[in-house]
$ cat target_3.tsv   # TSV, C-alpha atoms (C1' of nucleotides)
chain	number	residue	atom	x	y	z
A	1	MET	CA	-21.61	-28.05	-25.69
A	2	PRO	CA	-21.16	-24.76	-23.88
A	3	ILE	CA	-19.63	-24.39	-20.46
A	4	GLU	CA	-22.29	-24.10	-17.78
A	5	LEU	CA	-21.47	-22.69	-14.39
A	6	THR	CA	-23.68	-22.31	-11.35
A	7	ALA	CA	-23.85	-18.88	-9.74
A	8	SER	CA	-21.83	-20.20	-6.87
A	9	GLN	CA	-19.18	-21.62	-9.16
A	10	ALA	CA	-18.91	-18.40	-11.13
A	11	LEU	CA	-18.36	-16.29	-8.05
A	12	GLY	CA	-16.12	-18.91	-6.49
A	13	LEU	CA	-13.95	-18.84	-9.56
A	14	TRP	CA	-13.73	-15.08	-9.47
A	15	HIS	CA	-12.98	-15.16	-5.79
A	16	GLY	CA	-10.16	-17.65	-6.14
A	17	VAL	CA	-8.47	-15.80	-8.94
A	18	ALA	CA	-8.84	-12.37	-7.34
A	19	LEU	CA	-7.47	-13.71	-4.08
A	20	ASP	CA	-4.47	-15.27	-5.73
A	21	GLN	CA	-3.73	-12.14	-7.71
A	22	VAL	CA	-3.93	-9.92	-4.65
A	23	ARG	CA	-1.63	-12.21	-2.75
A	24	HIS	CA	1.00	-12.95	-5.32
A	25	ASP	CA	0.93	-10.50	-8.22
A	26	ASP	CA	2.86	-7.37	-7.42
A	27	ARG	CA	2.12	-5.88	-10.83
A	28	ASP	CA	-1.42	-5.04	-9.88
A	29	LEU	CA	-3.03	-4.04	-13.15
A	30	THR	CA	-6.21	-2.00	-13.23
A	31	LEU	CA	-9.32	-3.65	-14.62
A	32	ARG	CA	-9.01	-1.39	-17.63
A	33	GLN	CA	-5.39	-2.27	-18.15
A	34	MET	CA	-6.26	-5.92	-17.88
A	35	ALA	CA	-9.00	-5.59	-20.46
A	36	ILE	CA	-6.66	-3.78	-22.83
A	37	LEU	CA	-3.92	-6.33	-22.39
A	38	LEU	CA	-6.25	-9.25	-22.98
A	39	HIS	CA	-7.73	-7.57	-26.00
A	40	ILE	CA	-4.34	-7.02	-27.56
A	41	TYR	CA	-3.39	-10.65	-27.12
A	42	LEU	CA	-6.68	-12.34	-27.92
A	43	VAL	CA	-7.99	-10.30	-30.84
A	44	PRO	CA	-6.18	-10.39	-34.20
A	45	PRO	CA	-3.99	-7.36	-34.90
A	46	PRO	CA	-3.47	-4.63	-35.84
A	47	HIS	CA	-4.38	-2.69	-32.74
A	48	THR	CA	-4.35	1.08	-32.56
A	49	VAL	CA	-5.07	3.54	-29.78
A	50	ARG	CA	-8.29	4.77	-31.33
A	51	GLY	CA	-9.39	1.21	-32.08
A	52	LEU	CA	-8.91	0.11	-28.51
A	53	ALA	CA	-10.57	3.26	-27.23
A	54	ALA	CA	-13.61	2.64	-29.40
A	55	THR	CA	-13.85	-1.05	-28.53
A	56	LEU	CA	-13.52	-0.56	-24.80
A	57	GLU	CA	-15.72	2.54	-24.89
A	58	VAL	CA	-13.09	4.61	-23.22
A	59	THR	CA	-11.30	7.85	-24.10
A	60	LYS	CA	-7.98	7.80	-25.92
A	61	PRO	CA	-5.89	9.15	-23.03
A	62	VAL	CA	-6.97	6.13	-21.04
A	63	ILE	CA	-5.38	3.91	-23.67
A	64	THR	CA	-2.25	6.03	-23.92
A	65	ARG	CA	-1.74	5.96	-20.18
A	66	ALA	CA	-2.35	2.24	-19.94
A	67	LEU	CA	0.15	1.63	-22.73
A	68	ASP	CA	2.68	3.84	-20.96
A	69	THR	CA	2.36	1.83	-17.78
A	70	MET	CA	2.25	-1.59	-19.37
A	71	GLY	CA	5.03	-0.61	-21.73
A	72	GLU	CA	7.32	0.08	-18.79
A	73	MET	CA	6.30	-3.27	-17.37
A	74	GLY	CA	7.38	-4.88	-20.62
A	75	LEU	CA	3.92	-6.25	-21.31
A	76	VAL	CA	3.37	-4.34	-24.51
A	77	ASP	CA	5.20	-2.35	-27.16
A	78	ARG	CA	4.43	0.54	-29.51
A	79	VAL	CA	5.57	1.13	-33.09
A	80	ARG	CA	4.63	3.94	-35.43
A	81	ASP	CA	2.63	2.86	-38.44
A	82	ASP	CA	4.57	3.49	-41.66
A	83	ALA	CA	1.43	3.39	-43.80
A	84	ASP	CA	-0.21	6.16	-41.79
A	85	ARG	CA	2.35	7.82	-39.63
A	86	ARG	CA	-0.25	9.39	-37.38
A	87	SER	CA	-1.16	5.98	-36.07
A	88	VAL	CA	0.62	3.74	-33.63
A	89	ILE	CA	0.57	-0.03	-33.84
A	90	ILE	CA	0.48	-1.82	-30.53
A	91	LYS	CA	2.72	-4.87	-30.46
A	92	ARG	CA	2.79	-7.91	-28.25
A	93	THR	CA	5.88	-8.82	-26.27
A	94	VAL	CA	7.33	-11.95	-24.78
A	95	GLY	CA	6.74	-10.51	-21.34
A	96	GLY	CA	3.09	-9.93	-22.06
A	97	ALA	CA	2.57	-13.39	-23.48
A	98	LEU	CA	4.22	-14.87	-20.42
A	99	TYR	CA	2.11	-12.82	-18.09
A	100	LEU	CA	-1.12	-13.92	-19.72
A	101	GLU	CA	0.03	-17.49	-19.84
A	102	LYS	CA	0.38	-17.42	-16.08
A	103	LEU	CA	-2.99	-15.76	-15.71
A	104	GLY	CA	-4.55	-18.47	-17.86
A	105	ASP	CA	-3.01	-21.17	-15.72
A	106	LEU	CA	-4.30	-19.46	-12.62
A	107	VAL	CA	-7.84	-19.34	-13.95
A	108	ARG	CA	-7.66	-22.96	-15.06
A	109	ASN	CA	-6.37	-24.10	-11.71
A	110	GLN	CA	-9.07	-22.27	-9.87
A	111	ALA	CA	-11.70	-23.70	-12.19
A	112	ARG	CA	-10.41	-27.18	-11.60
A	113	ARG	CA	-10.59	-26.66	-7.87
A	114	LEU	CA	-14.23	-25.61	-7.86
A	115	PRO	CA	-16.73	-27.71	-5.90
A	116	LEU	CA	-18.95	-29.57	-8.29
B	1	MET	CA	-16.07	-34.09	-12.14
B	2	PRO	CA	-14.06	-30.89	-12.01
B	3	ILE	CA	-14.42	-28.08	-14.52
B	4	GLU	CA	-11.72	-28.23	-17.14
B	5	LEU	CA	-10.87	-25.19	-19.23
B	6	THR	CA	-8.38	-24.83	-22.03
B	7	ALA	CA	-5.89	-21.99	-21.78
B	8	SER	CA	-7.74	-20.20	-24.52
B	9	GLN	CA	-11.08	-20.60	-22.77
B	10	ALA	CA	-9.69	-19.36	-19.48
B	11	LEU	CA	-8.27	-16.20	-21.01
B	12	GLY	CA	-11.32	-15.74	-23.22
B	13	LEU	CA	-13.52	-15.87	-20.18
B	14	TRP	CA	-11.41	-13.30	-18.38
B	15	HIS	CA	-11.37	-11.15	-21.45
B	16	GLY	CA	-15.10	-11.18	-21.85
B	17	VAL	CA	-15.83	-10.35	-18.26
B	18	ALA	CA	-13.20	-7.62	-18.04
B	19	LEU	CA	-14.48	-6.07	-21.24
B	20	ASP	CA	-18.04	-6.06	-20.06
B	21	GLN	CA	-17.10	-4.59	-16.72
B	22	VAL	CA	-15.06	-1.82	-18.31
B	23	ARG	CA	-17.91	-0.96	-20.63
B	24	HIS	CA	-20.84	-1.08	-18.30
B	25	ASP	CA	-19.83	-0.98	-14.66
B	26	ASP	CA	-19.33	2.56	-13.46
B	27	ARG	CA	-18.44	1.43	-9.96
B	28	ASP	CA	-15.03	0.26	-11.00
B	29	LEU	CA	-13.73	-1.62	-7.98
B	30	THR	CA	-10.06	-2.26	-7.50
B	31	LEU	CA	-8.86	-5.84	-7.66
B	32	ARG	CA	-8.26	-5.67	-3.93
B	33	GLN	CA	-11.71	-4.32	-3.26
B	34	MET	CA	-13.18	-7.03	-5.43
B	35	ALA	CA	-11.29	-9.72	-3.54
B	36	ILE	CA	-12.44	-8.30	-0.21
B	37	LEU	CA	-16.04	-8.07	-1.32
B	38	LEU	CA	-16.09	-11.62	-2.65
B	39	HIS	CA	-14.45	-12.90	0.48
B	40	ILE	CA	-17.04	-11.27	2.71
B	41	TYR	CA	-19.88	-12.80	0.76
B	42	LEU	CA	-18.47	-16.24	0.02
B	43	VAL	CA	-16.73	-17.13	3.26
B	44	PRO	CA	-18.77	-17.72	6.42
B	45	PRO	CA	-18.77	-14.82	8.91
B	46	PRO	CA	-17.71	-13.24	11.10
B	47	HIS	CA	-15.27	-11.02	9.20
B	48	THR	CA	-13.01	-8.53	10.87
B	49	VAL	CA	-10.48	-6.05	9.56
B	50	ARG	CA	-7.51	-7.94	10.91
B	51	GLY	CA	-8.90	-11.23	9.66
B	52	LEU	CA	-9.32	-9.95	6.13
B	53	ALA	CA	-5.91	-8.31	6.27
B	54	ALA	CA	-4.31	-11.59	7.28
B	55	THR	CA	-6.19	-13.64	4.72
B	56	LEU	CA	-5.49	-11.33	1.80
B	57	GLU	CA	-1.92	-10.73	2.98
B	58	VAL	CA	-2.41	-7.02	3.03
B	59	THR	CA	-2.02	-4.31	5.67
B	60	LYS	CA	-4.95	-3.25	7.82
B	61	PRO	CA	-5.28	0.26	6.38
B	62	VAL	CA	-5.91	-1.34	3.00
B	63	ILE	CA	-8.93	-3.07	4.46
B	64	THR	CA	-10.15	0.00	6.31
B	65	ARG	CA	-9.97	2.13	3.17
B	66	ALA	CA	-11.65	-0.48	1.03
B	67	LEU	CA	-14.46	-0.75	3.57
B	68	ASP	CA	-14.80	3.03	3.61
B	69	THR	CA	-15.19	3.12	-0.15
B	70	MET	CA	-17.44	0.11	-0.48
B	71	GLY	CA	-19.42	1.26	2.52
B	72	GLU	CA	-20.27	4.49	0.76
B	73	MET	CA	-21.26	2.47	-2.26
B	74	GLY	CA	-23.64	0.50	-0.06
B	75	LEU	CA	-21.89	-2.78	-0.77
B	76	VAL	CA	-20.87	-3.46	2.79
B	77	ASP	CA	-21.57	-2.37	6.35
B	78	ARG	CA	-19.66	-2.14	9.62
B	79	VAL	CA	-20.82	-2.84	13.17
B	80	ARG	CA	-18.80	-2.76	16.35
B	81	ASP	CA	-18.43	-6.10	18.04
B	82	ASP	CA	-20.09	-6.12	21.45
B	83	ALA	CA	-18.13	-9.11	22.63
B	84	ASP	CA	-14.80	-7.38	21.93
B	85	ARG	CA	-15.40	-3.71	21.38
B	86	ARG	CA	-12.04	-3.17	19.74
B	87	SER	CA	-13.16	-5.25	16.79
B	88	VAL	CA	-15.49	-4.41	13.98
B	89	ILE	CA	-17.74	-6.95	12.34
B	90	ILE	CA	-18.19	-6.51	8.62
B	91	LYS	CA	-21.75	-7.08	7.50
B	92	ARG	CA	-23.24	-7.90	4.15
B	93	THR	CA	-25.85	-5.65	2.59
B	94	VAL	CA	-28.61	-6.05	0.06
B	95	GLY	CA	-26.68	-3.80	-2.31
B	96	GLY	CA	-23.59	-5.97	-2.07
B	97	ALA	CA	-25.52	-9.16	-2.62
B	98	LEU	CA	-27.18	-7.64	-5.65
B	99	TYR	CA	-23.88	-6.47	-7.05
B	100	LEU	CA	-22.31	-9.90	-6.76
B	101	GLU	CA	-25.39	-11.52	-8.18
B	102	LYS	CA	-24.95	-9.46	-11.30
B	103	LEU	CA	-21.27	-10.26	-11.43
B	104	GLY	CA	-22.06	-13.94	-11.18
B	105	ASP	CA	-24.52	-13.69	-14.04
B	106	LEU	CA	-21.93	-11.88	-16.11
B	107	VAL	CA	-19.35	-14.60	-15.53
B	108	ARG	CA	-21.87	-17.31	-16.30
B	109	ASN	CA	-22.98	-15.66	-19.50
B	110	GLN	CA	-19.43	-15.23	-20.67
B	111	ALA	CA	-18.67	-18.85	-19.84
B	112	ARG	CA	-21.69	-20.01	-21.80
B	113	ARG	CA	-20.58	-17.97	-24.78
B	114	LEU	CA	-17.10	-19.50	-24.93
B	115	PRO	CA	-16.07	-21.40	-28.06
B	116	LEU	CA	-15.88	-25.07	-27.29
C	1	DG	C1'	-4.73	-2.12	39.16
C	2	DG	C1'	-1.03	-0.97	35.99
C	3	DA	C1'	1.79	-2.39	31.97
C	4	DA	C1'	1.60	-4.52	27.66
C	5	DA	C1'	-0.74	-6.03	23.67
C	6	DA	C1'	-4.25	-5.76	20.21
C	7	DT	C1'	-7.72	-3.53	17.24
C	8	DG	C1'	-9.23	-0.39	13.81
C	9	DA	C1'	-8.86	4.28	12.30
C	10	DA	C1'	-6.54	8.60	11.18
C	11	DA	C1'	-2.64	11.26	9.47
C	12	DC	C1'	1.15	11.91	6.50
C	13	DG	C1'	3.26	12.45	1.99
C	14	DT	C1'	3.50	9.90	-2.48
C	15	DT	C1'	1.95	7.82	-6.61
C	16	DA	C1'	-1.09	6.84	-10.37
C	17	DG	C1'	-5.29	6.94	-12.57
C	18	DC	C1'	-9.19	9.96	-14.11
C	19	DG	C1'	-11.81	13.44	-17.52
C	20	DT	C1'	-11.41	17.43	-20.17
C	21	DA	C1'	-9.15	20.27	-23.08
C	22	DA	C1'	-5.58	21.44	-25.62
C	23	DC	C1'	-1.48	20.38	-28.75
C	24	DG	C1'	1.89	18.94	-32.79
C	25	DA	C1'	2.17	15.94	-36.45
C	26	DT	C1'	0.14	13.89	-40.31
C	27	DT	C1'	-3.28	12.98	-43.79
C	28	DT	C1'	-7.42	13.96	-46.37
C	29	DT	C1'	-10.39	16.94	-48.78
C	30	DC	C1'	-11.67	20.20	-52.20
D	1	DG	C1'	-1.81	24.06	-51.87
D	2	DA	C1'	-4.75	25.80	-48.06
D	3	DA	C1'	-8.23	24.24	-44.86
D	4	DA	C1'	-10.27	20.68	-42.36
D	5	DA	C1'	-10.10	16.34	-40.21
D	6	DT	C1'	-7.64	12.63	-37.82
D	7	DC	C1'	-4.28	10.41	-34.59
D	8	DG	C1'	-1.81	9.98	-30.49
D	9	DT	C1'	0.13	12.55	-26.82
D	10	DT	C1'	0.59	16.03	-23.31
D	11	DA	C1'	-1.04	19.25	-19.80
D	12	DC	C1'	-4.10	20.45	-16.16
D	13	DG	C1'	-6.38	19.91	-11.84
D	14	DC	C1'	-8.64	16.31	-9.23
D	15	DT	C1'	-9.54	12.09	-6.88
D	16	DA	C1'	-8.38	7.89	-4.69
D	17	DA	C1'	-5.42	4.31	-3.48
D	18	DC	C1'	-0.83	3.32	-1.58
D	19	DG	C1'	2.71	2.32	2.59
D	20	DT	C1'	4.20	3.79	6.95
D	21	DT	C1'	3.56	5.64	11.18
D	22	DT	C1'	0.92	7.19	14.91
D	23	DC	C1'	-3.21	7.27	17.61
D	24	DA	C1'	-7.37	6.27	20.87
D	25	DT	C1'	-9.81	2.63	22.64
D	26	DT	C1'	-10.24	-1.67	24.60
D	27	DT	C1'	-8.67	-6.00	26.32
D	28	DT	C1'	-5.30	-9.18	28.32
D	29	DC	C1'	-1.75	-10.39	31.31
D	30	DC	C1'	0.78	-10.54	35.78
$ encode --input "target_3.tsv" --output "structure tokens"
Amino acid sequence: MPIELTASQALGLWHGVALDQVRHDDRDLTLRQMAILLHIYLVPPPHTVRGLAATLEVTKPVITRALDTMGEMGLVDRVRDDADRRSVIIKRTVGGALYLEKLGDLVRNQARRLPL
Amino acid sequence: MPIELTASQALGLWHGVALDQVRHDDRDLTLRQMAILLHIYLVPPPHTVRGLAATLEVTKPVITRALDTMGEMGLVDRVRDDADRRSVIIKRTVGGALYLEKLGDLVRNQARRLPL
DNA sequence: GGAAAATGAAACGTTAGCGTAACGATTTTC
DNA sequence: GAAAATCGTTACGCTAACGTTTCATTTTCC
């Protein structure tokens, strides 16, 4: 039984979440950064720069830069791959998990608040 | 009967939409721009710069710049208010309505695709 | 009518992301 | 082992958003 939303509900949900993020989240991730972060936490590892770049259909420097930024925010970590030392394995962090947990709650709360 | 999502569904939904946007939407609105656009189309008019600034808890130049950008994209329009000629009334456009319609479809499709 | 307030925009310098093109380090290929 | 390919990063110049301050215009208040 899939989840069915009306057009109004879908946009209302997006509106509520966007509004809340703008008001209260000072971290202010880009849409790309958000997509990368979610991908890292929702898709089974390992994650590499080239893998993320290919999946998101984006160039590698975009991934590198996003990891730089989110790394400083403590949302993500990087470790060299010992099997192939050219590669870098992207690791999850407690900070990142916490951040997405809050985001999930926000989405759920907004969904719950939607008019029928 | 409110809409209940699990944490996993909420994040999965966000993930799917973000991913799709990153891949296919070249317009690439900021989170703030997105919030402004949704607000203009989902909340009854009239909308003014100061009103949006107050609602989003953001400074006025943020609104002005976002309207500049989205105006050039054809998502939004501005008209001086004849009743109080200091104010500007923000108007919806066909382009903006179309854009949000597509976004709504995207959200709905992702919601429908969620694992139970 | 003149001072004060309010509105939206413009100006300023700063920051951060972008795409493209290189680069150093490693691994693969033959 | 030398040459080619691969991986992530850095460098370059550019664009756009940021916060703060200032501005011109218009309205409100005595």
$ residues_around --input "target_3.tsv" --residues "stretch 86-92 of chain B" --least-positions-apart "2" --cutoff "8 Å" --atoms "all atoms listed in the file" --output "PyMOL selection string"
(chain B and resi 40-41+46-49+75-81+84+94+96-97) or (chain C and resi 7-8) or (chain D and resi 25-27)
$ atom_distance --input "target_3.tsv" --atom1 "atom CA of A:Gly16" --atom2 "atom CA of A:Gln110"
6.0 Å
$ closest_residue --input "target_3.tsv" --among "D:DC7, D:DC14, D:DC29, D:DC23" --to "chain A" --atoms "all atoms listed in the file"
D:DC7
$ interface_residues --input "target_3.tsv" --of "chain C" --to "chain B" --cutoff "12 Å" --atoms "only C-alpha atoms (C1' of nucleotides)" --output "list in words"
DA6, DT7, DG8, DA9, DA10, DA11, DG17 and DC18 of chain C
$ write_last_selection --input "target_3.tsv" --atoms "C-alpha atoms (C1' of nucleotides)" --output "PDB file, in the frame of the given file"
ATOM      1  C1'  DA C   6      -4.250  -5.760  20.210  1.00  0.00           C
ATOM      2  C1'  DT C   7      -7.720  -3.530  17.240  1.00  0.00           C
ATOM      3  C1'  DG C   8      -9.230  -0.390  13.810  1.00  0.00           C
ATOM      4  C1'  DA C   9      -8.860   4.280  12.300  1.00  0.00           C
ATOM      5  C1'  DA C  10      -6.540   8.600  11.180  1.00  0.00           C
ATOM      6  C1'  DA C  11      -2.640  11.260   9.470  1.00  0.00           C
ATOM      7  C1'  DG C  17      -5.290   6.940 -12.570  1.00  0.00           C
ATOM      8  C1'  DC C  18      -9.190   9.960 -14.110  1.00  0.00           C
TER       9       DC C  18
END
$ closest_atom_pairs --input "target_3.tsv" --of "chain B" --to "chain A" --cutoff "7 Å" --atoms "all atoms listed in the file" --output "tab-separated table"
residue	atom	partner	partner_atom	distance
B:Met1	CA	A:Leu116	CA	6.6
B:Pro2	CA	A:Arg112	CA	5.2
B:Ile3	CA	A:Arg112	CA	5.0
B:Glu4	CA	A:Arg112	CA	5.8
B:Leu5	CA	A:Arg108	CA	5.7
B:Ala7	CA	A:Gly104	CA	5.4
B:Ala10	CA	A:Gly104	CA	5.5
B:Leu11	CA	A:Gly104	CA	5.4
B:His15	CA	A:Leu38	CA	5.7
B:Ala18	CA	A:Ala35	CA	5.3
B:Leu19	CA	A:Ala35	CA	5.6
B:Val22	CA	A:Arg32	CA	6.1
B:Arg23	CA	A:Glu57	CA	5.9
B:Thr30	CA	A:Thr30	CA	6.9
B:Leu31	CA	A:Ala18	CA	6.5
B:Arg32	CA	A:Val22	CA	6.1
B:Ala35	CA	A:Ala18	CA	5.2
B:Leu38	CA	A:His15	CA	5.7
B:His39	CA	A:His15	CA	6.8
B:Leu56	CA	A:Arg23	CA	6.0
B:Glu57	CA	A:Arg23	CA	5.9
B:Gly104	CA	A:Leu11	CA	5.4
B:Asp105	CA	A:Ala7	CA	6.8
B:Val107	CA	A:Ala10	CA	5.8
B:Arg108	CA	A:Leu5	CA	5.7
B:Ala111	CA	A:Ile3	CA	5.7
B:Arg112	CA	A:Ile3	CA	5.0
B:Arg113	CA	A:Pro2	CA	6.9
B:Leu114	CA	A:Pro2	CA	6.7
B:Leu116	CA	A:Pro2	CA	6.3
$ interface_residues --input "target_3.tsv" --of "chain D" --to "chain A" --cutoff "9 Å" --atoms "only C-alpha atoms (C1' of nucleotides)" --output "PyMOL selection string"
chain D and resi 6-9
$ residues_near_point --input "target_3.tsv" --point "(1.3, 15.3, 7.1)" --cutoff "12 Å" --atoms "all atoms listed in the file" --output "CSV table (one decimal) with C-alpha atoms (C1' of nucleotides), keeping the file's coordinate frame"
chain,number,residue,atom,x,y,z
C,10,DA,C1',-6.5,8.6,11.2
C,11,DA,C1',-2.6,11.3,9.5
C,12,DC,C1',1.2,11.9,6.5
C,13,DG,C1',3.3,12.4,2.0
C,14,DT,C1',3.5,9.9,-2.5
D,20,DT,C1',4.2,3.8,7.0
D,21,DT,C1',3.6,5.6,11.2
D,22,DT,C1',0.9,7.2,14.9
$ atom_distance --input "target_3.tsv" --atom1 "atom CA of A:Asp25" --atom2 "atom C1' of D:DG19"
16.9 Å
$ atom_distance --input "target_3.tsv" --atom1 "atom CA of B:Glu72" --atom2 "atom CA of B:Leu52"
18.9 Å
$ axis_aligned_box --input "target_3.tsv" --around "stretch 20-35 of chain A" --padding-each-side "8 Å" --output "JSON"
{"center_x": -3.2, "center_y": -8.3, "center_z": -11.6, "size_x": 28.2, "size_y": 29.9, "size_z": 33.7}
